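What follows is one structure encoded as structure tokens, with my remarks underneath.
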Amino acid sequence: MDWLNLPPLASLRAFSAFAEKGGVVPAGAALNVSHAAISQQLRALEKHMGVALLDRTGKSLSLTTEGQQLARALQLGFGSIGTAVEDLIRTGQERPVHVSLTASFAAFWLMPRLPVFQAENPDVNLALDPTPHLVTLSPGGVDVAIRYGVGGWPGVDAEMLLETPFVIVAAPSLLGGKTSWTPKDLGQLPWLEEFGTTEATTWLAKRGVDHGPSAGSISLPGNLLLEGLRAGQGVTATVRHFVEHDIAAGRLIELYAEPEGSGYHVLTGKTPVRPAVKTFVKWLKRQAQEMC
């Protein structure tokens, strides 16, 4: 393909619209430009090619034999392009929005709100993928990730969705009335952890307790962790937002809290974002803002 010798696309579009609609006025309406602009593009195309594409001897413009030949070629070319574009857009619209998130965030924050999203956007399908592991955002793969931290993940666009500190909590029944607990003391108690995470070991190690929970730890799905926590089955490292009502009601006691500035972020890739993904991300942000 000799791209440098091809006529400007604007002139080809104007000529194809003229041939399809049968005049400069309807062609201008089809392209949302003036009929004078169409006439200018037609003359520019003939000048570029050095070929008479239009017969101007009659009362109205008509296609010459060469013009008819070009019109047929453009109809096939633009028709094929249009069909391919429509197919790609439709495929993108039909593919579910693939969301990677932790099981805890899914169970405690997103799932209770999903009926609202589905009622507002019945044409947008979601595929939720609960996992504690970081995933790669790529076209055709995961569209959105919701991750906890302070931000700064490379290769993605990240925006704070829900700011909430990391806390260490336990039920009063597990603490036995003791009010002052050092990390070493907490290391003597059992801990609860979400599958695939190491919050207990990591938190204790950062505070000089290298052996981890000496009374052992239990790994369980995020949606069951809160039940075990309330029942006094172990200490848990979690985010305050998920347990703030339990803390306020006295069902749990906050023992330690990390500095402010951490929270759940919504991550998208640095690639064109499908309309359905934009709709879901916009809805997530609106839900978070309504909580403030």
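Each chain in the structure tokens gets a letter, A, B, ..., in the order shown, and its residues are numbered from 1; ligands are numbered from 1 in order too.
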Under the rule of at most 12 Å, produce a per-residue listing of range 139-168 of chain A near range 113-128 of chain A: chain, number, name, the closest pair of atoms, and the distance in Å, as a Markdown table, using only C-alpha atoms.
| residue | atom | partner | partner_atom | distance |
| --- | --- | --- | --- | --- |
| A:Gly141 | CA | A:Ala127 | CA | 10.9 |
| A:Val142 | CA | A:Ala127 | CA | 9.3 |
| A:Asp143 | CA | A:Ala127 | CA | 9.9 |
| A:Val144 | CA | A:Leu128 | CA | 9.8 |
| A:Ala145 | CA | A:Leu128 | CA | 9.9 |
| A:Ile146 | CA | A:Leu128 | CA | 10.8 |
Take the selection from the previous step and output its residues with C-alpha atoms, as an mmCIF file, in the first residue's frame.
data_model
loop_
_atom_site.group_PDB
_atom_site.id
_atom_site.type_symbol
_atom_site.label_atom_id
_atom_site.label_comp_id
_atom_site.auth_asym_id
_atom_site.auth_seq_id
_atom_site.Cartn_x
_atom_site.Cartn_y
_atom_site.Cartn_z
ATOM 1 C CA GLY A 141 -8.296 -9.513 30.494
ATOM 2 C CA VAL A 142 -8.929 -7.872 33.863
ATOM 3 C CA ASP A 143 -10.523 -4.452 33.360
ATOM 4 C CA VAL A 144 -10.592 -3.104 36.922
ATOM 5 C CA ALA A 145 -8.749 -3.977 40.123
ATOM 6 C CA ILE A 146 -9.628 -2.799 43.613
#
Spatial neighbours of Arg90 in chain A, max dist 12 Å, only C-alpha atoms, sep filter under 5 positions, as a PDB file with all heavy atoms, in the first residue's frame:
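Final output, selection.pdb:
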ATOM      1  N   THR A  83     -18.412  -2.294   9.088  1.00  0.00           N
ATOM      2  CA  THR A  83     -18.838  -3.567   9.666  1.00  0.00           C
ATOM      3  C   THR A  83     -17.856  -4.039  10.737  1.00  0.00           C
ATOM      4  O   THR A  83     -18.253  -4.502  11.811  1.00  0.00           O
ATOM      5  CB  THR A  83     -18.952  -4.638   8.572  1.00  0.00           C
ATOM      6  OG1 THR A  83     -19.940  -4.236   7.618  1.00  0.00           O
ATOM      7  CG2 THR A  83     -19.358  -5.982   9.169  1.00  0.00           C
ATOM      8  N   ALA A  84     -16.544  -3.921  10.445  1.00  0.00           N
ATOM      9  CA  ALA A  84     -15.530  -4.347  11.412  1.00  0.00           C
ATOM     10  C   ALA A  84     -15.603  -3.518  12.687  1.00  0.00           C
ATOM     11  O   ALA A  84     -15.510  -4.051  13.803  1.00  0.00           O
ATOM     12  CB  ALA A  84     -14.138  -4.237  10.791  1.00  0.00           C
ATOM     13  N   VAL A  85     -15.783  -2.201  12.534  1.00  0.00           N
ATOM     14  CA  VAL A  85     -15.875  -1.321  13.705  1.00  0.00           C
ATOM     15  C   VAL A  85     -17.089  -1.673  14.552  1.00  0.00           C
ATOM     16  O   VAL A  85     -17.015  -1.764  15.784  1.00  0.00           O
ATOM     17  CB  VAL A  85     -15.922   0.152  13.258  1.00  0.00           C
ATOM     18  CG1 VAL A  85     -16.279   1.057  14.439  1.00  0.00           C
ATOM     19  CG2 VAL A  85     -14.578   0.581  12.667  1.00  0.00           C
ATOM     20  N   ARG A  95     -18.901  -8.111  26.317  1.00  0.00           N
ATOM     21  CA  ARG A  95     -17.985  -8.765  27.249  1.00  0.00           C
ATOM     22  C   ARG A  95     -18.172  -8.200  28.648  1.00  0.00           C
ATOM     23  O   ARG A  95     -18.209  -6.983  28.832  1.00  0.00           O
ATOM     24  CB  ARG A  95     -16.540  -8.563  26.791  1.00  0.00           C
ATOM     25  CG  ARG A  95     -15.520  -9.345  27.610  1.00  0.00           C
ATOM     26  CD  ARG A  95     -14.168  -9.380  26.926  1.00  0.00           C
ATOM     27  NE  ARG A  95     -13.545  -8.077  26.864  1.00  0.00           N
ATOM     28  CZ  ARG A  95     -12.829  -7.550  27.851  1.00  0.00           C
ATOM     29  NH1 ARG A  95     -12.653  -8.214  28.979  1.00  0.00           N
ATOM     30  NH2 ARG A  95     -12.280  -6.359  27.710  1.00  0.00           N
ATOM     31  N   PRO A  96     -18.302  -9.059  29.667  1.00  0.00           N
ATOM     32  CA  PRO A  96     -18.481  -8.558  31.036  1.00  0.00           C
ATOM     33  C   PRO A  96     -17.296  -7.723  31.499  1.00  0.00           C
ATOM     34  O   PRO A  96     -16.166  -7.908  31.042  1.00  0.00           O
ATOM     35  CB  PRO A  96     -18.604  -9.841  31.865  1.00  0.00           C
ATOM     36  CG  PRO A  96     -18.984 -10.907  30.895  1.00  0.00           C
ATOM     37  CD  PRO A  96     -18.349 -10.523  29.590  1.00  0.00           C
ATOM     38  N   ARG A 274     -13.189   0.626  27.899  1.00  0.00           N
ATOM     39  CA  ARG A 274     -14.493   0.386  27.283  1.00  0.00           C
ATOM     40  C   ARG A 274     -15.581   1.200  28.001  1.00  0.00           C
ATOM     41  O   ARG A 274     -15.473   1.469  29.199  1.00  0.00           O
ATOM     42  CB  ARG A 274     -14.848  -1.100  27.357  1.00  0.00           C
ATOM     43  CG  ARG A 274     -13.946  -1.986  26.529  1.00  0.00           C
ATOM     44  CD  ARG A 274     -14.439  -3.424  26.571  1.00  0.00           C
ATOM     45  NE  ARG A 274     -14.258  -4.047  27.875  1.00  0.00           N
ATOM     46  CZ  ARG A 274     -15.175  -4.746  28.515  1.00  0.00           C
ATOM     47  NH1 ARG A 274     -16.370  -4.908  27.985  1.00  0.00           N
ATOM     48  NH2 ARG A 274     -14.923  -5.297  29.681  1.00  0.00           N
ATOM     49  N   PRO A 275     -16.647   1.580  27.275  1.00  0.00           N
ATOM     50  CA  PRO A 275     -17.735   2.338  27.906  1.00  0.00           C
ATOM     51  C   PRO A 275     -18.317   1.640  29.139  1.00  0.00           C
ATOM     52  O   PRO A 275     -18.635   2.301  30.133  1.00  0.00           O
ATOM     53  CB  PRO A 275     -18.777   2.462  26.786  1.00  0.00           C
ATOM     54  CG  PRO A 275     -17.978   2.399  25.531  1.00  0.00           C
ATOM     55  CD  PRO A 275     -16.850   1.440  25.805  1.00  0.00           C
ATOM     56  N   ALA A 276     -18.468   0.308  29.083  1.00  0.00           N
ATOM     57  CA  ALA A 276     -19.026  -0.414  30.226  1.00  0.00           C
ATOM     58  C   ALA A 276     -18.119  -0.303  31.440  1.00  0.00           C
ATOM     59  O   ALA A 276     -18.593  -0.193  32.585  1.00  0.00           O
ATOM     60  CB  ALA A 276     -19.243  -1.884  29.865  1.00  0.00           C
TER      61      ALA A 276
END
**Message:** Taking 3 positions as the minimum chain separation for residues in the same chain, which residues sit within 7 Å of range 184-195 of chain A when counting only C-alpha atoms? Answer as a PyMOL selection string.
**Reply:** chain A and resi 181+198-200+204+209+212-222+225+234-236
Please dump the current selection as a CSV table (one decimal), in the first residue's frame; keep C-alpha atoms.
chain,number,residue,atom,x,y,z
A,181,TRP,CA,-1.5,-5.5,74.7
A,198,THR,CA,-0.1,-13.0,55.6
A,199,GLU,CA,-1.3,-10.0,57.5
A,200,ALA,CA,-0.7,-11.6,60.9
A,204,LEU,CA,4.0,-9.1,63.9
A,209,VAL,CA,7.7,-10.8,66.7
A,212,GLY,CA,4.4,-15.3,64.1
A,213,PRO,CA,1.3,-16.3,66.1
A,214,SER,CA,2.5,-18.9,68.6
A,215,ALA,CA,-1.1,-20.1,69.1
A,216,GLY,CA,-1.5,-20.7,65.4
A,217,SER,CA,-3.6,-19.0,62.8
A,218,ILE,CA,-6.7,-20.0,60.8
A,219,SER,CA,-7.1,-19.1,57.1
A,220,LEU,CA,-10.6,-18.8,55.9
A,221,PRO,CA,-12.7,-17.0,53.3
A,222,GLY,CA,-13.1,-13.2,53.8
A,225,LEU,CA,-13.5,-14.0,58.8
A,234,GLY,CA,-8.7,-15.0,67.0
A,235,VAL,CA,-7.1,-11.6,66.4
A,236,THR,CA,-7.5,-10.1,63.0
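The two atoms in question, CA of Ser11 in chain A and CA of Thr57 in chain A, are spaced 21.8 Å apart.
CA of Gly269 in chain A sits 6.6 Å away from CA of Ser138 in chain A.
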**Prompt:** Nearest to Asp157 in chain A: which of A:Val51, A:Leu12, A:Val281, A:Val33 is it, counting only C-alpha atoms?
**Reply:** A:Val281
Using DSSP on the backbone, list every residue of range 156-232 of chain A that comes out as alpha helix (DSSP H), and give them as a PDB file with all heavy atoms, in the first residue's frame.
ATOM      1  N   PRO A 172     -13.818  -8.914  72.820  1.00  0.00           N
ATOM      2  CA  PRO A 172     -13.533  -8.841  74.262  1.00  0.00           C
ATOM      3  C   PRO A 172     -13.385 -10.217  74.898  1.00  0.00           C
ATOM      4  O   PRO A 172     -12.578 -10.396  75.820  1.00  0.00           O
ATOM      5  CB  PRO A 172     -14.750  -8.087  74.812  1.00  0.00           C
ATOM      6  CG  PRO A 172     -15.261  -7.293  73.663  1.00  0.00           C
ATOM      7  CD  PRO A 172     -15.016  -8.140  72.453  1.00  0.00           C
ATOM      8  N   SER A 173     -14.151 -11.196  74.423  1.00  0.00           N
ATOM      9  CA  SER A 173     -14.080 -12.539  75.016  1.00  0.00           C
ATOM     10  C   SER A 173     -12.705 -13.166  74.832  1.00  0.00           C
ATOM     11  O   SER A 173     -12.251 -13.962  75.664  1.00  0.00           O
ATOM     12  CB  SER A 173     -15.144 -13.448  74.397  1.00  0.00           C
ATOM     13  OG  SER A 173     -14.959 -13.551  72.983  1.00  0.00           O
ATOM     14  N   LEU A 174     -11.997 -12.820  73.748  1.00  0.00           N
ATOM     15  CA  LEU A 174     -10.662 -13.359  73.528  1.00  0.00           C
ATOM     16  C   LEU A 174      -9.633 -12.661  74.397  1.00  0.00           C
ATOM     17  O   LEU A 174      -8.657 -13.275  74.846  1.00  0.00           O
ATOM     18  CB  LEU A 174     -10.283 -13.204  72.050  1.00  0.00           C
ATOM     19  CG  LEU A 174      -8.895 -13.712  71.654  1.00  0.00           C
ATOM     20  CD1 LEU A 174      -8.837 -15.248  71.761  1.00  0.00           C
ATOM     21  CD2 LEU A 174      -8.533 -13.280  70.242  1.00  0.00           C
ATOM     22  N   LEU A 175      -9.854 -11.378  74.689  1.00  0.00           N
ATOM     23  CA  LEU A 175      -8.875 -10.590  75.430  1.00  0.00           C
ATOM     24  C   LEU A 175      -8.985 -10.766  76.939  1.00  0.00           C
ATOM     25  O   LEU A 175      -8.062 -10.392  77.672  1.00  0.00           O
ATOM     26  CB  LEU A 175      -9.027  -9.102  75.063  1.00  0.00           C
ATOM     27  CG  LEU A 175      -8.873  -8.779  73.568  1.00  0.00           C
ATOM     28  CD1 LEU A 175      -9.099  -7.301  73.321  1.00  0.00           C
ATOM     29  CD2 LEU A 175      -7.505  -9.208  73.071  1.00  0.00           C
ATOM     30  N   PRO A 183       2.653  -6.048  70.893  1.00  0.00           N
ATOM     31  CA  PRO A 183       2.696  -7.001  69.781  1.00  0.00           C
ATOM     32  C   PRO A 183       3.163  -8.381  70.230  1.00  0.00           C
ATOM     33  O   PRO A 183       2.653  -9.398  69.733  1.00  0.00           O
ATOM     34  CB  PRO A 183       3.685  -6.360  68.810  1.00  0.00           C
ATOM     35  CG  PRO A 183       3.543  -4.895  69.052  1.00  0.00           C
ATOM     36  CD  PRO A 183       3.324  -4.774  70.541  1.00  0.00           C
ATOM     37  N   LYS A 184       4.125  -8.438  71.164  1.00  0.00           N
ATOM     38  CA  LYS A 184       4.591  -9.735  71.656  1.00  0.00           C
ATOM     39  C   LYS A 184       3.467 -10.477  72.361  1.00  0.00           C
ATOM     40  O   LYS A 184       3.309 -11.700  72.198  1.00  0.00           O
ATOM     41  CB  LYS A 184       5.777  -9.541  72.604  1.00  0.00           C
ATOM     42  CG  LYS A 184       6.388 -10.849  73.097  1.00  0.00           C
ATOM     43  CD  LYS A 184       7.602 -10.584  73.965  1.00  0.00           C
ATOM     44  CE  LYS A 184       8.214 -11.899  74.453  1.00  0.00           C
ATOM     45  NZ  LYS A 184       9.412 -11.677  75.301  1.00  0.00           N
ATOM     46  N   ASP A 185       2.654  -9.727  73.136  1.00  0.00           N
ATOM     47  CA  ASP A 185       1.504 -10.358  73.802  1.00  0.00           C
ATOM     48  C   ASP A 185       0.518 -10.904  72.777  1.00  0.00           C
ATOM     49  O   ASP A 185       0.012 -12.028  72.915  1.00  0.00           O
ATOM     50  CB  ASP A 185       0.786  -9.340  74.705  1.00  0.00           C
ATOM     51  CG  ASP A 185       1.633  -8.885  75.882  1.00  0.00           C
ATOM     52  OD1 ASP A 185       2.526  -9.650  76.295  1.00  0.00           O
ATOM     53  OD2 ASP A 185       1.405  -7.764  76.368  1.00  0.00           O
ATOM     54  N   LEU A 186       0.237 -10.106  71.755  1.00  0.00           N
ATOM     55  CA  LEU A 186      -0.718 -10.537  70.732  1.00  0.00           C
ATOM     56  C   LEU A 186      -0.205 -11.749  69.975  1.00  0.00           C
ATOM     57  O   LEU A 186      -0.988 -12.552  69.466  1.00  0.00           O
ATOM     58  CB  LEU A 186      -1.005  -9.388  69.758  1.00  0.00           C
ATOM     59  CG  LEU A 186      -1.802  -8.203  70.327  1.00  0.00           C
ATOM     60  CD1 LEU A 186      -1.920  -7.091  69.297  1.00  0.00           C
ATOM     61  CD2 LEU A 186      -3.186  -8.646  70.772  1.00  0.00           C
ATOM     62  N   GLU A 199      -1.292 -11.230  56.690  1.00  0.00           N
ATOM     63  CA  GLU A 199      -1.348 -10.029  57.516  1.00  0.00           C
ATOM     64  C   GLU A 199      -0.810 -10.247  58.930  1.00  0.00           C
ATOM     65  O   GLU A 199      -0.087  -9.411  59.466  1.00  0.00           O
ATOM     66  CB  GLU A 199      -2.792  -9.496  57.611  1.00  0.00           C
ATOM     67  CG  GLU A 199      -3.255  -8.746  56.386  1.00  0.00           C
ATOM     68  CD  GLU A 199      -4.107  -9.617  55.510  1.00  0.00           C
ATOM     69  OE1 GLU A 199      -4.033 -10.861  55.677  1.00  0.00           O
ATOM     70  OE2 GLU A 199      -4.829  -9.093  54.647  1.00  0.00           O
ATOM     71  N   ALA A 200      -1.158 -11.390  59.526  1.00  0.00           N
ATOM     72  CA  ALA A 200      -0.734 -11.643  60.911  1.00  0.00           C
ATOM     73  C   ALA A 200       0.786 -11.714  61.014  1.00  0.00           C
ATOM     74  O   ALA A 200       1.411 -10.990  61.800  1.00  0.00           O
ATOM     75  CB  ALA A 200      -1.361 -12.937  61.416  1.00  0.00           C
ATOM     76  N   THR A 201       1.379 -12.580  60.212  1.00  0.00           N
ATOM     77  CA  THR A 201       2.831 -12.747  60.252  1.00  0.00           C
ATOM     78  C   THR A 201       3.550 -11.459  59.887  1.00  0.00           C
ATOM     79  O   THR A 201       4.541 -11.072  60.528  1.00  0.00           O
ATOM     80  CB  THR A 201       3.260 -13.873  59.303  1.00  0.00           C
ATOM     81  OG1 THR A 201       2.573 -15.073  59.651  1.00  0.00           O
ATOM     82  CG2 THR A 201       4.757 -14.105  59.381  1.00  0.00           C
ATOM     83  N   THR A 202       3.064 -10.774  58.851  1.00  0.00           N
ATOM     84  CA  THR A 202       3.701  -9.532  58.406  1.00  0.00           C
ATOM     85  C   THR A 202       3.623  -8.456  59.473  1.00  0.00           C
ATOM     86  O   THR A 202       4.625  -7.790  59.777  1.00  0.00           O
ATOM     87  CB  THR A 202       3.042  -9.034  57.108  1.00  0.00           C
ATOM     88  OG1 THR A 202       3.170 -10.040  56.095  1.00  0.00           O
ATOM     89  CG2 THR A 202       3.683  -7.746  56.630  1.00  0.00           C
ATOM     90  N   TRP A 203       2.457  -8.270  60.057  1.00  0.00           N
ATOM     91  CA  TRP A 203       2.287  -7.216  61.069  1.00  0.00           C
ATOM     92  C   TRP A 203       3.152  -7.505  62.287  1.00  0.00           C
ATOM     93  O   TRP A 203       3.821  -6.617  62.821  1.00  0.00           O
ATOM     94  CB  TRP A 203       0.816  -7.114  61.470  1.00  0.00           C
ATOM     95  CG  TRP A 203       0.543  -5.931  62.359  1.00  0.00           C
ATOM     96  CD1 TRP A 203       0.259  -4.657  61.969  1.00  0.00           C
ATOM     97  CD2 TRP A 203       0.532  -5.922  63.797  1.00  0.00           C
ATOM     98  NE1 TRP A 203       0.081  -3.849  63.061  1.00  0.00           N
ATOM     99  CE2 TRP A 203       0.234  -4.603  64.193  1.00  0.00           C
ATOM    100  CE3 TRP A 203       0.734  -6.895  64.779  1.00  0.00           C
ATOM    101  CZ2 TRP A 203       0.143  -4.231  65.538  1.00  0.00           C
ATOM    102  CZ3 TRP A 203       0.648  -6.527  66.111  1.00  0.00           C
ATOM    103  CH2 TRP A 203       0.361  -5.218  66.488  1.00  0.00           C
ATOM    104  N   LEU A 204       3.167  -8.759  62.759  1.00  0.00           N
ATOM    105  CA  LEU A 204       3.960  -9.112  63.931  1.00  0.00           C
ATOM    106  C   LEU A 204       5.454  -8.991  63.641  1.00  0.00           C
ATOM    107  O   LEU A 204       6.224  -8.511  64.487  1.00  0.00           O
ATOM    108  CB  LEU A 204       3.616 -10.533  64.384  1.00  0.00           C
ATOM    109  CG  LEU A 204       2.213 -10.711  64.980  1.00  0.00           C
ATOM    110  CD1 LEU A 204       1.902 -12.200  65.160  1.00  0.00           C
ATOM    111  CD2 LEU A 204       2.096  -9.982  66.314  1.00  0.00           C
ATOM    112  N   ALA A 205       5.873  -9.417  62.452  1.00  0.00           N
ATOM    113  CA  ALA A 205       7.298  -9.367  62.103  1.00  0.00           C
ATOM    114  C   ALA A 205       7.809  -7.930  62.081  1.00  0.00           C
ATOM    115  O   ALA A 205       8.941  -7.655  62.493  1.00  0.00           O
ATOM    116  CB  ALA A 205       7.530 -10.043  60.756  1.00  0.00           C
ATOM    117  N   LYS A 206       6.977  -7.004  61.595  1.00  0.00           N
ATOM    118  CA  LYS A 206       7.386  -5.599  61.558  1.00  0.00           C
ATOM    119  C   LYS A 206       7.571  -5.024  62.960  1.00  0.00           C
ATOM    120  O   LYS A 206       8.226  -3.987  63.128  1.00  0.00           O
ATOM    121  CB  LYS A 206       6.355  -4.772  60.793  1.00  0.00           C
ATOM    122  CG  LYS A 206       6.372  -4.997  59.292  1.00  0.00           C
ATOM    123  CD  LYS A 206       5.347  -4.111  58.599  1.00  0.00           C
ATOM    124  CE  LYS A 206       5.400  -4.289  57.089  1.00  0.00           C
ATOM    125  NZ  LYS A 206       4.390  -3.443  56.386  1.00  0.00           N
ATOM    126  N   GLY A 222     -12.857 -14.564  53.186  1.00  0.00           N
ATOM    127  CA  GLY A 222     -13.084 -13.240  53.752  1.00  0.00           C
ATOM    128  C   GLY A 222     -14.471 -13.048  54.329  1.00  0.00           C
ATOM    129  O   GLY A 222     -14.638 -12.355  55.340  1.00  0.00           O
ATOM    130  N   ASN A 223     -15.485 -13.676  53.705  1.00  0.00           N
ATOM    131  CA  ASN A 223     -16.842 -13.479  54.199  1.00  0.00           C
ATOM    132  C   ASN A 223     -17.103 -14.203  55.519  1.00  0.00           C
ATOM    133  O   ASN A 223     -18.089 -13.926  56.198  1.00  0.00           O
ATOM    134  CB  ASN A 223     -17.863 -13.923  53.146  1.00  0.00           C
ATOM    135  CG  ASN A 223     -17.700 -15.381  52.772  1.00  0.00           C
ATOM    136  OD1 ASN A 223     -16.611 -15.929  52.821  1.00  0.00           O
ATOM    137  ND2 ASN A 223     -18.792 -16.019  52.409  1.00  0.00           N
ATOM    138  N   LEU A 224     -16.216 -15.141  55.899  1.00  0.00           N
ATOM    139  CA  LEU A 224     -16.371 -15.839  57.175  1.00  0.00           C
ATOM    140  C   LEU A 224     -15.467 -15.273  58.260  1.00  0.00           C
ATOM    141  O   LEU A 224     -15.654 -15.584  59.436  1.00  0.00           O
ATOM    142  CB  LEU A 224     -16.049 -17.335  56.995  1.00  0.00           C
ATOM    143  CG  LEU A 224     -16.930 -18.104  56.013  1.00  0.00           C
ATOM    144  CD1 LEU A 224     -16.480 -19.559  55.947  1.00  0.00           C
ATOM    145  CD2 LEU A 224     -18.401 -18.023  56.433  1.00  0.00           C
ATOM    146  N   LEU A 225     -14.508 -14.457  57.870  1.00  0.00           N
ATOM    147  CA  LEU A 225     -13.541 -13.951  58.835  1.00  0.00           C
ATOM    148  C   LEU A 225     -14.201 -13.126  59.927  1.00  0.00           C
ATOM    149  O   LEU A 225     -13.872 -13.261  61.107  1.00  0.00           O
ATOM    150  CB  LEU A 225     -12.487 -13.122  58.095  1.00  0.00           C
ATOM    151  CG  LEU A 225     -11.298 -12.641  58.911  1.00  0.00           C
ATOM    152  CD1 LEU A 225     -10.037 -12.671  58.042  1.00  0.00           C
ATOM    153  CD2 LEU A 225     -11.506 -11.225  59.426  1.00  0.00           C
ATOM    154  N   LEU A 226     -15.137 -12.282  59.553  1.00  0.00           N
ATOM    155  CA  LEU A 226     -15.783 -11.410  60.540  1.00  0.00           C
ATOM    156  C   LEU A 226     -16.586 -12.218  61.553  1.00  0.00           C
ATOM    157  O   LEU A 226     -16.628 -11.872  62.742  1.00  0.00           O
ATOM    158  CB  LEU A 226     -16.683 -10.392  59.834  1.00  0.00           C
ATOM    159  CG  LEU A 226     -17.229  -9.252  60.700  1.00  0.00           C
ATOM    160  CD1 LEU A 226     -16.096  -8.501  61.371  1.00  0.00           C
ATOM    161  CD2 LEU A 226     -18.066  -8.295  59.862  1.00  0.00           C
ATOM    162  N   GLU A 227     -17.205 -13.307  61.105  1.00  0.00           N
ATOM    163  CA  GLU A 227     -17.970 -14.147  62.032  1.00  0.00           C
ATOM    164  C   GLU A 227     -17.050 -14.786  63.070  1.00  0.00           C
ATOM    165  O   GLU A 227     -17.355 -14.812  64.263  1.00  0.00           O
ATOM    166  CB  GLU A 227     -18.722 -15.227  61.254  1.00  0.00           C
ATOM    167  CG  GLU A 227     -19.799 -14.691  60.320  1.00  0.00           C
ATOM    168  CD  GLU A 227     -20.531 -15.811  59.604  1.00  0.00           C
ATOM    169  OE1 GLU A 227     -20.461 -16.957  60.080  1.00  0.00           O
ATOM    170  OE2 GLU A 227     -21.170 -15.540  58.572  1.00  0.00           O
ATOM    171  N   GLY A 228     -15.916 -15.310  62.612  1.00  0.00           N
ATOM    172  CA  GLY A 228     -14.962 -15.889  63.544  1.00  0.00           C
ATOM    173  C   GLY A 228     -14.380 -14.855  64.476  1.00  0.00           C
ATOM    174  O   GLY A 228     -14.123 -15.136  65.658  1.00  0.00           O
ATOM    175  N   LEU A 229     -14.166 -13.658  63.969  1.00  0.00           N
ATOM    176  CA  LEU A 229     -13.638 -12.573  64.791  1.00  0.00           C
ATOM    177  C   LEU A 229     -14.598 -12.218  65.913  1.00  0.00           C
ATOM    178  O   LEU A 229     -14.210 -12.113  67.090  1.00  0.00           O
ATOM    179  CB  LEU A 229     -13.386 -11.357  63.898  1.00  0.00           C
ATOM    180  CG  LEU A 229     -12.831 -10.097  64.559  1.00  0.00           C
ATOM    181  CD1 LEU A 229     -11.449 -10.364  65.127  1.00  0.00           C
ATOM    182  CD2 LEU A 229     -12.779  -8.955  63.550  1.00  0.00           C
ATOM    183  N   ARG A 230     -15.867 -12.040  65.589  1.00  0.00           N
ATOM    184  CA  ARG A 230     -16.865 -11.709  66.612  1.00  0.00           C
ATOM    185  C   ARG A 230     -17.018 -12.815  67.645  1.00  0.00           C
ATOM    186  O   ARG A 230     -17.323 -12.557  68.811  1.00  0.00           O
ATOM    187  CB  ARG A 230     -18.213 -11.439  65.933  1.00  0.00           C
ATOM    188  CG  ARG A 230     -18.273 -10.166  65.123  1.00  0.00           C
ATOM    189  CD  ARG A 230     -19.522 -10.145  64.270  1.00  0.00           C
ATOM    190  NE  ARG A 230     -19.673  -8.910  63.503  1.00  0.00           N
ATOM    191  CZ  ARG A 230     -20.463  -8.787  62.455  1.00  0.00           C
ATOM    192  NH1 ARG A 230     -21.161  -9.843  62.020  1.00  0.00           N
ATOM    193  NH2 ARG A 230     -20.545  -7.636  61.821  1.00  0.00           N
TER     194      ARG A 230
END
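CA of Glu86 in chain A is positioned 27.6 Å from CA of Gly67 in chain A.
Residues surrounding Gly28 in chain A within 12 Å are Arg13, Ala14, Phe15, Ser16, Ala17, Phe18, Ala19, Glu20, Lys21, Gly22, Gly23, Val24, Val25, Pro26, Ala30, Leu31, Asn32, Val33, Ser34, His35, Ala36, Ala37, Ile38, Ser39, Gln40, Gln41 and Leu42 of chain A [only C-alpha atoms; sequence separation below 2 positions excluded].
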**Prompt:** Which is closer to Met49 in chain A than all the others in A:Ser80, A:Thr65, A:Thr268, A:Asn5, using only C-alpha atoms?
**Reply:** A:Asn5
**Request:** Please report, as a PyMOL selection string, each residue of range 145-249 of chain A to which DSSP assigns strand (DSSP E) when run on this structure's backbone.
**Result:** chain A and resi 145-149+156-163+166-170+191-194+217-220+235-239
